[in-house]
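The data block below is upload_24.cif; it holds mmCIF, C-alpha atoms.
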data_my_file
loop_
_atom_site.label_atom_id
_atom_site.label_comp_id
_atom_site.auth_asym_id
_atom_site.auth_seq_id
_atom_site.Cartn_x
_atom_site.Cartn_y
_atom_site.Cartn_z
CA MET A 22 31.48 1.26 17.08
CA SER A 23 33.56 -0.26 19.85
CA ARG A 24 32.57 -3.52 21.46
CA LEU A 25 31.97 -1.73 24.75
CA SER A 26 29.60 0.85 23.25
CA ALA A 27 27.81 -1.84 21.22
CA ARG A 28 26.96 -3.88 24.31
CA PRO A 29 24.09 -1.63 25.59
CA ALA A 30 22.43 -1.70 22.17
CA PHE A 31 22.78 -5.47 22.00
CA LEU A 32 21.38 -5.99 25.50
CA THR A 33 18.47 -3.65 24.76
CA GLY A 34 17.80 -5.65 21.60
CA VAL A 35 17.79 -8.89 23.58
CA GLY A 36 15.36 -7.31 26.04
CA LEU A 37 13.06 -6.25 23.20
CA LEU A 38 13.12 -9.77 21.76
CA LEU A 39 12.16 -11.21 25.14
CA LEU A 40 9.37 -8.63 25.34
CA THR A 41 8.30 -9.65 21.84
CA LEU A 42 8.06 -13.26 22.99
CA PHE A 43 6.09 -12.18 26.08
CA LYS A 44 3.66 -10.17 23.93
CA ALA A 45 3.23 -13.14 21.59
CA LEU A 46 2.26 -15.33 24.52
CA GLY A 47 -0.46 -12.80 25.37
CA LEU A 48 -2.08 -12.74 21.91
CA SER A 49 -5.83 -13.24 21.84
CA GLN A 50 -6.14 -16.17 19.42
CA GLY A 51 -4.99 -19.76 19.50
CA SER A 52 -3.73 -22.11 22.18
CA PRO A 53 -0.72 -21.29 24.39
CA THR A 54 1.35 -23.60 22.18
CA ALA A 55 0.27 -21.75 19.04
CA ARG A 56 1.06 -18.38 20.60
CA LEU A 57 4.47 -19.68 21.69
CA ALA A 58 5.04 -20.78 18.09
CA VAL A 59 4.25 -17.24 16.91
CA GLY A 60 6.82 -15.82 19.34
CA LEU A 61 9.47 -18.34 18.31
CA CYS A 62 8.82 -17.55 14.63
CA LEU A 63 9.45 -13.86 15.32
CA LEU A 64 12.67 -14.65 17.18
CA SER A 65 13.75 -16.84 14.26
CA LEU A 66 13.15 -13.91 11.91
CA ALA A 67 15.51 -11.80 14.03
CA GLY A 68 18.14 -14.49 13.55
CA LEU A 69 17.44 -14.56 9.82
CA ALA A 70 17.85 -10.78 9.59
CA LEU A 71 21.23 -10.90 11.34
CA TRP A 72 22.38 -13.76 9.12
CA LEU A 73 21.37 -11.86 5.96
CA LEU A 74 23.24 -8.76 7.15
CA HIS A 75 26.34 -10.85 7.78
CA ARG A 76 25.92 -12.51 4.39
CA GLU A 77 25.97 -9.08 2.74
CA GLY A 78 29.26 -8.17 4.34
CA VAL A 79 28.45 -6.74 7.78
CA PRO A 80 31.21 -8.01 10.10
CA ARG A 81 30.27 -10.03 13.16
CA SER A 82 31.52 -7.29 15.46
CA SER A 83 29.02 -4.84 13.95
CA LEU A 84 26.03 -7.17 14.18
CA LEU A 85 25.57 -6.76 17.94
CA PRO A 86 24.18 -3.19 17.91
CA LEU A 87 22.05 -3.99 14.82
CA LEU A 88 20.01 -6.39 16.93
CA LEU A 89 18.33 -3.34 18.51
CA PRO A 90 16.57 -1.92 15.40
CA ILE A 91 15.74 -5.44 14.21
CA ALA A 92 14.20 -6.32 17.57
CA LEU A 93 12.32 -3.01 17.55
CA ALA A 94 10.87 -3.82 14.12
CA LEU A 95 9.64 -7.21 15.34
CA PHE A 96 8.31 -5.85 18.61
CA LEU A 97 6.23 -3.26 16.75
CA ARG A 98 4.86 -6.01 14.54
CA VAL A 99 3.78 -8.28 17.39
CA LEU A 100 1.76 -5.38 18.80
CA LEU A 101 -0.28 -5.35 15.56
CA LEU A 102 -0.87 -9.07 15.06
CA ASP A 103 -4.29 -9.10 16.74
CA HIS A 104 -5.67 -6.31 14.55
CA VAL A 105 -8.42 -7.59 12.23
CA THR A 106 -9.39 -5.65 9.10
CA LEU A 107 -12.42 -5.98 6.88
CA ASP A 108 -10.19 -7.50 4.19
CA TYR A 109 -9.37 -10.34 6.57
CA GLN A 110 -12.95 -10.76 7.82
CA ASP A 111 -14.63 -10.64 4.44
CA PHE A 112 -12.06 -12.38 2.26
CA LEU A 113 -8.86 -13.96 3.59
CA SER A 114 -10.36 -15.78 6.57
CA ARG A 115 -13.19 -17.15 4.42
CA TRP A 116 -10.79 -18.35 1.75
CA VAL A 117 -8.67 -20.25 4.26
CA GLU A 118 -11.79 -21.76 5.79
CA HIS A 119 -12.94 -22.88 2.34
CA PHE A 120 -9.66 -24.75 1.87
CA ARG A 121 -9.96 -26.24 5.36
CA GLN A 122 -13.47 -27.53 4.71
CA ASN A 123 -12.78 -28.84 1.22
CA GLY A 124 -9.57 -30.80 1.42
CA GLY A 125 -6.82 -28.18 1.48
CA PHE A 126 -4.82 -28.27 -1.74
CA ALA A 127 -7.51 -30.35 -3.37
CA ALA A 128 -9.76 -27.27 -3.22
CA LEU A 129 -7.42 -25.29 -5.46
CA LYS A 130 -9.68 -26.32 -8.33
CA ASP A 131 -12.53 -24.29 -6.83
CA PRO A 132 -13.28 -20.66 -7.78
CA VAL A 133 -12.19 -19.28 -4.43
CA GLY A 134 -10.40 -15.96 -3.94
CA ASN A 135 -9.50 -13.25 -6.43
CA TYR A 136 -5.72 -13.57 -5.95
CA ASN A 137 -3.51 -15.49 -8.31
CA VAL A 138 -2.67 -19.08 -7.43
CA PRO A 139 0.74 -18.66 -5.68
CA TYR A 140 -0.95 -16.81 -2.82
CA LEU A 141 -3.73 -19.40 -2.77
CA TYR A 142 -1.07 -22.07 -2.22
CA LEU A 143 -0.14 -20.29 1.00
CA LEU A 144 -3.75 -20.12 2.16
CA ALA A 145 -4.29 -23.78 1.31
CA GLY A 146 -1.17 -24.70 3.27
CA LEU A 147 -2.33 -22.72 6.30
CA SER A 148 -5.58 -24.68 6.32
CA TYR A 149 -3.65 -27.78 7.49
CA LEU A 150 -2.05 -26.09 10.49
CA PRO A 151 -3.45 -25.96 14.05
CA PHE A 152 -2.54 -22.31 14.02
CA PRO A 153 -4.67 -19.13 13.92
CA ASP A 154 -5.10 -18.14 10.29
CA LEU A 155 -4.69 -14.45 11.14
CA TYR A 156 -1.18 -14.99 12.50
CA GLY A 157 -0.14 -17.36 9.74
CA ILE A 158 -1.09 -14.88 7.03
CA LYS A 159 0.68 -12.04 8.80
CA LEU A 160 3.83 -14.05 9.63
CA PHE A 161 4.19 -14.89 5.93
CA SER A 162 4.16 -11.19 5.11
CA ILE A 163 6.57 -10.40 7.96
CA LEU A 164 8.98 -13.00 6.57
CA PHE A 165 8.94 -11.11 3.29
CA ASP A 166 9.41 -7.82 5.16
CA ILE A 167 12.81 -9.26 6.12
CA LEU A 168 13.48 -10.40 2.55
CA LEU A 169 12.39 -6.97 1.30
CA ALA A 170 14.96 -5.35 3.59
CA TRP A 171 17.57 -7.76 2.24
CA GLY A 172 16.62 -6.77 -1.29
CA GLY A 173 17.09 -3.11 -0.36
CA MET A 174 20.60 -3.81 0.86
CA ARG A 175 21.47 -5.85 -2.23
CA LEU A 176 20.23 -3.05 -4.43
CA ALA A 177 22.26 -0.46 -2.52
CA LYS A 178 25.37 -2.61 -2.97
CA ALA A 179 24.71 -2.80 -6.70
CA LEU A 180 24.42 0.99 -6.78
CA THR A 181 27.60 1.68 -4.84
CA ARG A 182 29.72 -1.31 -5.91
CA ASP A 183 30.86 -1.35 -2.29
CA SER A 184 30.93 -4.65 -0.40
CA ARG A 185 30.96 -2.69 2.89
CA VAL A 186 27.68 -0.91 2.28
CA SER A 187 25.89 0.60 5.26
CA PRO A 188 23.10 -1.50 6.85
CA LEU A 189 20.78 1.51 6.50
CA PRO A 190 19.16 0.25 3.25
CA PHE A 191 18.26 -2.91 5.21
CA LEU A 192 16.99 -1.22 8.36
CA LEU A 193 14.99 1.65 6.85
CA PRO A 194 12.62 -0.48 4.72
CA LEU A 195 12.10 -2.76 7.72
CA LEU A 196 11.03 0.18 9.90
CA LEU A 197 8.98 2.13 7.34
CA PRO A 198 5.42 2.72 8.65
CA THR A 199 3.85 1.53 5.40
CA VAL A 200 5.83 -1.72 5.44
CA LEU A 201 5.05 -2.22 9.13
CA LEU A 202 1.32 -1.63 8.63
CA ASN A 203 0.95 -3.47 5.33
CA GLY A 204 1.70 -6.95 6.59
CA ALA A 205 1.60 -7.01 10.40
CA CYS A 206 -1.52 -4.84 10.74
CA TRP A 207 -3.41 -5.14 7.46
CA GLY A 208 -2.44 -8.72 6.55
CA GLN A 209 -1.63 -7.69 2.98
CA CYS A 210 1.17 -9.29 0.95
CA ASP A 211 2.71 -6.34 -0.89
CA SER A 212 6.10 -7.06 0.64
CA VAL A 213 6.07 -10.40 -1.21
CA TRP A 214 5.94 -9.13 -4.77
CA ALA A 215 7.96 -6.01 -3.92
CA ALA A 216 10.76 -8.10 -2.35
CA LEU A 217 10.84 -10.33 -5.43
CA CYS A 218 11.05 -7.22 -7.64
CA LEU A 219 13.96 -5.80 -5.63
CA HIS A 220 15.87 -9.06 -5.86
CA ALA A 221 15.04 -9.36 -9.57
CA LEU A 222 16.43 -5.88 -10.20
CA SER A 223 19.50 -6.59 -8.05
CA CYS A 224 20.23 -9.74 -10.06
CA ALA A 225 19.89 -7.79 -13.31
CA LEU A 226 22.36 -5.15 -12.11
CA GLU A 227 24.72 -7.95 -11.10
CA ASP A 228 24.52 -9.28 -14.70
CA ARG A 229 22.53 -12.37 -13.70
CA PRO A 230 19.65 -12.24 -16.19
CA THR A 231 18.20 -15.73 -15.66
CA PRO A 232 17.64 -15.38 -11.88
CA SER A 233 16.42 -11.84 -12.56
CA LEU A 234 13.66 -12.93 -14.94
CA THR A 235 12.80 -15.89 -12.70
CA LEU A 236 12.19 -13.61 -9.72
CA LEU A 237 10.35 -11.07 -11.85
CA ALA A 238 7.97 -13.77 -13.12
CA LEU A 239 7.33 -14.90 -9.53
CA ALA A 240 6.61 -11.31 -8.52
CA PHE A 241 4.10 -10.96 -11.35
CA SER A 242 2.53 -14.31 -10.45
CA PHE A 243 1.84 -12.98 -6.95
CA LYS A 244 0.50 -9.55 -7.81
CA LEU A 245 -0.46 -7.70 -10.97
CA GLN A 246 1.14 -4.52 -9.56
CA ALA A 247 4.58 -5.87 -10.50
CA ILE A 248 3.66 -4.70 -13.99
CA PHE A 249 4.57 -1.15 -12.95
CA LEU A 250 8.26 -2.17 -12.88
CA ILE A 251 8.29 -4.80 -15.63
CA PRO A 252 8.83 -2.23 -18.45
CA LEU A 253 12.29 -1.53 -16.99
CA TRP A 254 13.40 -4.90 -18.37
CA CYS A 255 12.97 -3.38 -21.84
CA ALA A 256 15.72 -0.92 -20.88
CA LEU A 257 17.81 -3.79 -19.53
CA LEU A 258 17.38 -5.39 -22.93
CA PHE A 259 18.44 -2.15 -24.65
CA CYS A 260 21.71 -2.03 -22.71
CA ARG A 261 22.31 -5.77 -23.04
CA ARG A 262 22.03 -6.59 -19.35
CA VAL A 263 19.35 -9.03 -20.56
CA LYS A 264 19.46 -10.74 -23.94
CA LEU A 265 16.67 -12.06 -26.13
CA ARG A 266 17.60 -15.66 -25.34
CA HIS A 267 16.83 -15.02 -21.66
CA LEU A 268 13.28 -13.73 -22.22
CA PRO A 269 11.56 -17.17 -22.40
CA VAL A 270 12.47 -17.63 -18.73
CA PHE A 271 9.62 -15.28 -17.75
CA PRO A 272 6.70 -17.16 -19.37
CA ILE A 273 8.17 -20.54 -18.39
CA VAL A 274 8.39 -19.60 -14.71
CA PHE A 275 4.95 -18.00 -14.80
CA ALA A 276 3.54 -21.18 -16.32
CA LEU A 277 5.29 -23.33 -13.70
CA SER A 278 3.73 -21.22 -10.95
CA MET A 279 0.32 -22.34 -12.25
CA LEU A 280 1.21 -26.03 -12.41
CA PRO A 281 0.10 -27.14 -8.90
CA ALA A 282 -3.31 -25.53 -9.41
CA LEU A 283 -3.65 -27.10 -12.86
CA LEU A 284 -2.77 -30.51 -11.44
CA ALA A 285 -5.46 -29.99 -8.80
CA GLY A 286 -7.98 -29.50 -11.60
CA LYS A 287 -8.30 -25.72 -11.80
CA PRO A 288 -9.21 -24.60 -15.34
CA VAL A 289 -6.39 -22.69 -16.99
CA MET A 290 -8.72 -19.85 -18.02
CA ASP A 291 -9.73 -19.35 -14.37
CA ILE A 292 -6.08 -18.66 -13.60
CA LEU A 293 -5.34 -16.49 -16.63
CA SER A 294 -8.45 -14.37 -16.09
CA VAL A 295 -7.66 -13.43 -12.48
CA TYR A 296 -5.93 -10.17 -13.33
CA LEU A 297 -8.55 -9.20 -15.90
CA ASN A 298 -11.25 -9.80 -13.30
CA GLN A 299 -9.37 -7.68 -10.74
CA ALA A 300 -9.20 -4.80 -13.21
CA GLY A 301 -12.88 -5.20 -14.03
CA ASP A 302 -13.86 -5.21 -10.36
CA SER A 303 -12.04 -1.92 -9.78
CA VAL A 304 -13.75 -0.25 -12.73
CA SER A 305 -17.19 -1.45 -11.60
CA TRP A 306 -16.93 0.11 -8.13
CA GLN A 307 -18.22 3.51 -7.12
CA THR A 308 -15.18 5.79 -7.38
CA VAL A 309 -12.23 6.44 -9.64
CA ASN A 310 -9.79 6.47 -6.72
CA TYR A 311 -9.46 4.24 -3.62
CA ASN A 312 -7.57 6.32 -1.04
CA SER A 313 -4.52 6.43 -3.32
CA PRO A 314 -2.34 9.54 -3.72
CA SER A 315 -2.82 9.47 -7.48
CA VAL A 316 -3.67 12.40 -9.72
CA PHE A 317 -7.33 11.62 -9.02
CA SER A 318 -6.80 12.47 -5.35
CA LEU A 319 -6.66 16.07 -6.56
CA PHE A 320 -10.31 15.79 -7.60
CA PRO A 321 -13.26 15.82 -5.18
CA TYR A 322 -13.94 12.57 -3.32
CA ARG A 323 -16.43 10.29 -5.11
CA PHE A 324 -15.65 12.26 -8.25
CA GLN A 325 -17.52 10.68 -11.16
CA PRO A 326 -15.62 11.66 -14.32
CA ALA A 327 -16.92 11.49 -17.84
CA PRO A 328 -16.22 8.04 -19.36
CA TRP A 329 -13.43 9.39 -21.55
CA ILE A 330 -11.36 10.71 -18.61
CA PRO A 331 -10.24 7.33 -17.16
CA LYS A 332 -9.50 6.13 -20.69
CA ALA A 333 -7.42 9.25 -21.34
CA ALA A 334 -5.58 8.69 -18.04
CA ILE A 335 -4.73 5.12 -19.05
CA LEU A 336 -3.39 6.41 -22.37
CA LEU A 337 -1.39 9.07 -20.55
CA ALA A 338 0.16 6.44 -18.27
CA PHE A 339 1.12 4.40 -21.33
CA LEU A 340 2.66 7.48 -22.98
CA PHE A 341 4.57 8.24 -19.77
CA MET A 342 6.03 4.73 -19.79
CA THR A 343 6.88 5.04 -23.50
CA VAL A 344 8.71 8.34 -23.02
CA ILE A 345 10.78 6.93 -20.15
CA LEU A 346 11.76 3.91 -22.24
CA ALA A 347 12.53 6.10 -25.26
CA LEU A 348 14.88 8.24 -23.17
CA LEU A 349 16.59 5.15 -21.81
CA PHE A 350 16.92 3.71 -25.32
CA ARG A 351 18.54 6.93 -26.50
CA ARG A 352 21.21 6.60 -23.78
CA ARG A 353 21.37 2.81 -23.85
CA HIS A 354 25.15 2.65 -24.30
CA THR A 355 25.87 4.69 -21.18
CA LEU A 356 23.19 3.60 -18.71
CA ASP A 357 24.58 3.01 -15.25
CA ASN A 358 22.99 1.26 -12.30
CA ALA A 359 21.80 4.45 -10.63
CA THR A 360 20.02 5.61 -13.79
CA LEU A 361 18.27 2.26 -14.18
CA VAL A 362 17.06 2.22 -10.58
CA LEU A 363 15.92 5.84 -10.86
CA ALA A 364 13.96 4.87 -13.98
CA GLY A 365 12.45 1.96 -12.06
CA ALA A 366 11.36 4.32 -9.28
CA ALA A 367 9.90 6.75 -11.83
CA LEU A 368 7.90 3.98 -13.50
CA SER A 369 6.72 2.53 -10.17
CA LEU A 370 5.48 5.95 -9.04
CA GLY A 371 4.42 7.56 -12.30
CA ILE A 372 2.28 4.78 -13.76
CA PRO A 373 -0.01 4.35 -10.72
CA PHE A 374 -0.03 8.13 -10.21
CA LEU A 375 -1.62 8.61 -13.63
CA LEU A 376 -3.88 5.55 -13.71
CA PRO A 377 -7.49 5.56 -12.46
CA TYR A 378 -8.90 3.05 -9.94
CA MET A 379 -5.66 2.84 -7.93
CA HIS A 380 -5.51 1.78 -4.28
CA GLU A 381 -3.34 3.26 -1.52
CA ARG A 382 -1.00 0.24 -1.54
CA TYR A 383 -0.05 0.48 -5.22
CA PHE A 384 2.83 2.89 -4.55
CA PHE A 385 4.50 0.38 -2.21
CA LEU A 386 7.37 -0.58 -4.52
CA GLY A 387 8.03 2.95 -5.78
CA GLY A 388 8.33 4.21 -2.22
CA ILE A 389 10.77 1.44 -1.30
CA LEU A 390 12.94 2.16 -4.35
CA LEU A 391 13.09 5.84 -3.38
CA VAL A 392 14.10 4.95 0.19
CA VAL A 393 16.92 2.72 -1.06
CA LEU A 394 18.05 5.39 -3.52
CA ALA A 395 17.98 8.02 -0.76
CA CYS A 396 20.40 5.89 1.27
CA VAL A 397 22.86 6.21 -1.61
CA GLN A 398 21.86 9.65 -2.96
CA PRO A 399 20.68 11.79 0.00
CA THR A 400 19.28 14.42 -2.39
CA LEU A 401 16.33 12.05 -2.84
CA LEU A 402 15.49 12.02 0.87
CA PRO A 403 12.73 14.67 0.54
CA ALA A 404 11.18 12.73 -2.35
CA ALA A 405 11.30 9.46 -0.41
CA THR A 406 9.75 11.17 2.62
CA GLY A 407 7.02 12.69 0.47
CA ALA A 408 6.13 9.36 -1.14
CA GLU A 409 6.01 7.62 2.26
CA LEU A 410 3.79 10.29 3.82
CA ALA A 411 1.48 10.30 0.80
CA SER A 412 0.97 6.53 0.99
CA LEU A 413 0.66 6.62 4.77
CA GLY A 414 -2.27 9.02 4.49
CA GLY A 415 -4.13 6.48 2.36
CA TYR A 416 -3.29 3.70 4.82
CA HIS A 417 -4.71 5.80 7.64
CA ALA A 418 -7.91 6.41 5.69
CA TYR A 419 -8.48 2.67 5.22
CA LEU A 420 -7.30 1.36 8.59
CA MET A 421 -8.97 4.08 10.67
CA LYS A 422 -11.93 4.53 8.27
CA ARG A 423 -11.53 8.29 8.27
CA TYR A 424 -9.28 10.99 6.88
CA VAL A 425 -6.84 12.89 9.10
CA MET A 426 -8.21 16.31 8.09
CA VAL A 427 -11.79 16.31 6.89
CA LEU A 428 -12.26 20.05 6.42
CA PRO A 429 -13.69 20.28 2.89
CA LEU A 430 -11.84 22.28 0.30
CA PHE A 431 -13.55 22.66 -3.08
CA GLY A 432 -15.35 19.36 -2.53
CA MET A 433 -12.27 17.42 -1.33
CA THR A 434 -10.52 16.95 1.99
CA TRP A 435 -7.20 18.52 2.88
CA THR A 436 -5.85 14.98 3.21
CA GLN A 437 -6.58 14.19 -0.43
CA LEU A 438 -4.95 17.37 -1.62
CA ILE A 439 -1.84 16.92 0.53
CA GLU A 440 -1.40 13.25 -0.38
CA GLY A 441 -1.67 13.91 -4.10
CA SER A 442 0.65 16.91 -3.89
CA LEU A 443 3.28 14.97 -1.93
CA MET A 444 3.26 12.12 -4.43
CA LEU A 445 3.47 14.59 -7.31
CA PHE A 446 6.46 16.20 -5.60
CA ALA A 447 8.12 12.79 -5.15
CA LEU A 448 7.52 11.91 -8.80
CA CYS A 449 8.78 15.25 -10.13
CA SER A 450 11.90 15.05 -7.95
CA THR A 451 12.62 11.57 -9.26
CA LEU A 452 12.09 12.63 -12.87
CA TYR A 453 14.32 15.69 -12.39
CA LEU A 454 17.18 13.57 -11.07
CA LEU A 455 16.61 11.00 -13.82
CA GLN A 456 16.81 13.75 -16.41
CA LYS A 457 20.13 14.87 -14.94
CA HIS A 458 21.46 11.31 -15.15
CA LEU A 459 20.34 11.05 -18.76
CA SER A 460 21.90 14.36 -19.79
CA PRO A 461 24.95 14.02 -22.09
CA GLY A 462 28.15 13.65 -20.10
CA GLN A 463 26.36 12.76 -16.86
CA SER A 464 25.75 9.02 -17.10
CA SER A 465 28.31 6.34 -17.75
CA ARG A 466 28.28 2.59 -17.31
CA GLU A 467 29.82 1.71 -13.98
#

Final structure tokens representation of the file:
Amino acid sequence: MSRLSARPAFLTGVGLLLLTLFKALGLSQGSPTARLAVGLCLLSLAGLALWLLHREGVPRSSLLPLLLPIALALFLRVLLLDHVTLDYQDFLSRWVEHFRQNGGFAALKDPVGNYNVPYLYLLAGLSYLPFPDLYGIKLFSILFDILLAWGGMRLAKALTRDSRVSPLPFLLPLLLPTVLLNGACWGQCDSVWAALCLHALSCALEDRPTPSLTLLALAFSFKLQAIFLIPLWCALLFCRRVKLRHLPVFPIVFALSMLPALLAGKPVMDILSVYLNQAGDSVSWQTVNYNSPSVFSLFPYRFQPAPWIPKAAILLAFLFMTVILALLFRRRHTLDNATLVLAGAALSLGIPFLLPYMHERYFFLGGILLVVLACVQPTLLPAATGAELASLGGYHAYLMKRYVMVLPLFGMTWTQLIEGSLMLFALCSTLYLLQKHLSPGQSSRE
């Protein structure tokens, strides 16, 4: 793009950033100074995005027009910052207030929140700031939206081995509706663990096993859902991208992530039991599916299966993972980067698709991996689109408290049926392409 043709895009981007700042000043919470701080944080994130693009090889002359989609992504986010969900009202805001009333980090010893301690460190830190909690929580997630986009670009570079990779794998994740809604609207932190997973996988493909396992342990310390991708490191071990001597890095980093809470007096069993308690809470609720496009979305809503059905589904998910790893082991001497990332996408989609008690957000990482892969292998574009639409339907159900199409069909809504079918299509497409990569003569180490 010539400098002359890039100028309108750049100027439009500047205008959008100024509008973003104006919208921030008009937010409903906090003092004028706090709202100005929100706007300046968003402008700083635009600068961070441009710097990361330049760091990954985008020349300065090409950065000007890229300001437009980056500014658009931030402008859309500022429009959502005032939205308050039940998750924020009933949980996050109360947790921050508990820290504020009980000494900040000193209250880490208390049984507050059902998230693991790294996220509680954030909430405890926010309790010290004269800043609306709602915006602080969401800005943290928006920061990781940028880092998630960076991880997408790094992964695309590892797939193509091209230092001049297109900025598309950066821009698309940043503008995905699910990514936009997850943090800026919902106040969730799925971009945190997903970004860490993308960077962990990128480091592994760059033959940097120690940073890879460090980032993977941090991802797992933030959210249990990182476990959907963790089995891929078995395949990395098969093909000697990771060696046995590197494996202790994972438990060491995980243990270090607990250290501040332990020093504050939190019992170690309270920390280690968080994920078990989360799983128990899901099982004790009233349905086998929570707006997720899993296989259970193909059953009637509020479907109450016989006790053996969820157990069988868990076993099936384990067998699915085992078969994927067995196929990768069989071709361990010829696994290339594309095959490994495809396997990661298959695991990240297939495991939550088969498991009971899944939520709509649990396909977040699998969808991102498909989007990045589609930037490199356009044949996966329909699968990536299907996975995004399937997840988006679940987001709509939670955020709007209703399904798009409520006409009953055999005891279920059309939305359930479409979501589950789209995710099944995305999974089957991924598995088909993975099978082609694993066929003799198709895959070779890059």

inquiry  = Residues within 12 Å of A:Gln398, please, as a PyMOL selection string. Count all atoms listed in the file; anything in the same chain fewer than 3 positions from it doesn't count.
reply    = chain A and resi 177+180-181+190+359-360+362-363+390-395+401-405+451+454

The PyMOL selection byres ((chain A and resi 43-56) around 9) resolved against shown file, as a list in words =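 Residues picked by the PyMOL selection byres ((chain A and resi 43-56) around 9): Leu38, Leu39, Leu40, Thr41, Leu42, Leu57, Ala58, Val59, Gly60, Leu61, Leu63, Phe96, Val99, Leu100, Leu102, Asp103, Pro151, Phe152, Pro153, Leu155 and Tyr156 of chain A.
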
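Minimum atom-to-atom distance to A:Thr199, evaluated using all atoms listed in the file, belongs to A:Asp211 out of A:Glu440, A:Glu227, A:Asp211, A:Asp111.
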
request  = Return the single residue from A:Leu222, A:Val270, A:Val117, A:Ile91 that is closest to A:Leu73, with distances computed using only C-alpha atoms.
outcome  =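 Smallest distance to A:Leu73 is found for A:Ile91.
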
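Nearest residue to A:Ile167, choosing from A:Leu107, A:Leu253, A:Phe112, A:Ala70 and counting all atoms listed in the file: A:Ala70.
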
request  = Let me know the residues the PyMOL selection byres ((chain A and resi 94) around 12) catches in the file above, as an MDAnalysis selection string.
outcome  = chainID A and resid 34 37:38 41 63:64 66:67 70 87:93 95:101 163 166:167 170 191:198 200:202 205

Write a file of the just-selected residues containing C-alpha atoms, as a PDB file, keeping the file's coordinate frame.
ATOM      1  CA  GLY A  34      17.800  -5.650  21.600  1.00  0.00           C
ATOM      2  CA  LEU A  37      13.060  -6.250  23.200  1.00  0.00           C
ATOM      3  CA  LEU A  38      13.120  -9.770  21.760  1.00  0.00           C
ATOM      4  CA  THR A  41       8.300  -9.650  21.840  1.00  0.00           C
ATOM      5  CA  LEU A  63       9.450 -13.860  15.320  1.00  0.00           C
ATOM      6  CA  LEU A  64      12.670 -14.650  17.180  1.00  0.00           C
ATOM      7  CA  LEU A  66      13.150 -13.910  11.910  1.00  0.00           C
ATOM      8  CA  ALA A  67      15.510 -11.800  14.030  1.00  0.00           C
ATOM      9  CA  ALA A  70      17.850 -10.780   9.590  1.00  0.00           C
ATOM     10  CA  LEU A  87      22.050  -3.990  14.820  1.00  0.00           C
ATOM     11  CA  LEU A  88      20.010  -6.390  16.930  1.00  0.00           C
ATOM     12  CA  LEU A  89      18.330  -3.340  18.510  1.00  0.00           C
ATOM     13  CA  PRO A  90      16.570  -1.920  15.400  1.00  0.00           C
ATOM     14  CA  ILE A  91      15.740  -5.440  14.210  1.00  0.00           C
ATOM     15  CA  ALA A  92      14.200  -6.320  17.570  1.00  0.00           C
ATOM     16  CA  LEU A  93      12.320  -3.010  17.550  1.00  0.00           C
ATOM     17  CA  LEU A  95       9.640  -7.210  15.340  1.00  0.00           C
ATOM     18  CA  PHE A  96       8.310  -5.850  18.610  1.00  0.00           C
ATOM     19  CA  LEU A  97       6.230  -3.260  16.750  1.00  0.00           C
ATOM     20  CA  ARG A  98       4.860  -6.010  14.540  1.00  0.00           C
ATOM     21  CA  VAL A  99       3.780  -8.280  17.390  1.00  0.00           C
ATOM     22  CA  LEU A 100       1.760  -5.380  18.800  1.00  0.00           C
ATOM     23  CA  LEU A 101      -0.280  -5.350  15.560  1.00  0.00           C
ATOM     24  CA  ILE A 163       6.570 -10.400   7.960  1.00  0.00           C
ATOM     25  CA  ASP A 166       9.410  -7.820   5.160  1.00  0.00           C
ATOM     26  CA  ILE A 167      12.810  -9.260   6.120  1.00  0.00           C
ATOM     27  CA  ALA A 170      14.960  -5.350   3.590  1.00  0.00           C
ATOM     28  CA  PHE A 191      18.260  -2.910   5.210  1.00  0.00           C
ATOM     29  CA  LEU A 192      16.990  -1.220   8.360  1.00  0.00           C
ATOM     30  CA  LEU A 193      14.990   1.650   6.850  1.00  0.00           C
ATOM     31  CA  PRO A 194      12.620  -0.480   4.720  1.00  0.00           C
ATOM     32  CA  LEU A 195      12.100  -2.760   7.720  1.00  0.00           C
ATOM     33  CA  LEU A 196      11.030   0.180   9.900  1.00  0.00           C
ATOM     34  CA  LEU A 197       8.980   2.130   7.340  1.00  0.00           C
ATOM     35  CA  PRO A 198       5.420   2.720   8.650  1.00  0.00           C
ATOM     36  CA  VAL A 200       5.830  -1.720   5.440  1.00  0.00           C
ATOM     37  CA  LEU A 201       5.050  -2.220   9.130  1.00  0.00           C
ATOM     38  CA  LEU A 202       1.320  -1.630   8.630  1.00  0.00           C
ATOM     39  CA  ALA A 205       1.600  -7.010  10.400  1.00  0.00           C
TER      40      ALA A 205
END

inquiry  = Please determine, counting all atoms listed in the file, which residue among A:Cys206, A:Ala276, A:Leu257, A:Ile389 has the shortest atom-to-atom distance to A:Thr355.
reply    = A:Leu257

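Taking atom CA of A:Leu277 and atom CA of A:Ser162 as the two end points, the separation is 22.4 Å.
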
ask   = Taking the file as shown, what set of residues would the PyMOL selection byres ((chain A and resi 420) around 10) give back, as a list in words?
value =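 Against this file, the PyMOL selection byres ((chain A and resi 420) around 10) returns the residues His104, Val105, Thr106, Leu107, Leu202, Cys206, Trp207, Gly415, Tyr416, His417, Ala418, Tyr419, Met421, Lys422, Arg423 and Tyr424 of chain A.
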
query = How many Å separate atom CA of A:Lys332 from atom CA of A:Phe320?
reply =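 Atom CA of A:Lys332 sits 16.3 Å away from atom CA of A:Phe320.
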
Give the padded box for stretch 253-260 of chain A as AutoDock Vina command-line options: axis-aligned, covering all atoms listed in the file, 5 Å on each side, centre and edge lengths in Å to one decimal.
--center_x 17.0 --center_y -3.2 --center_z -20.8 --size_x 19.4 --size_y 14.5 --size_z 17.7
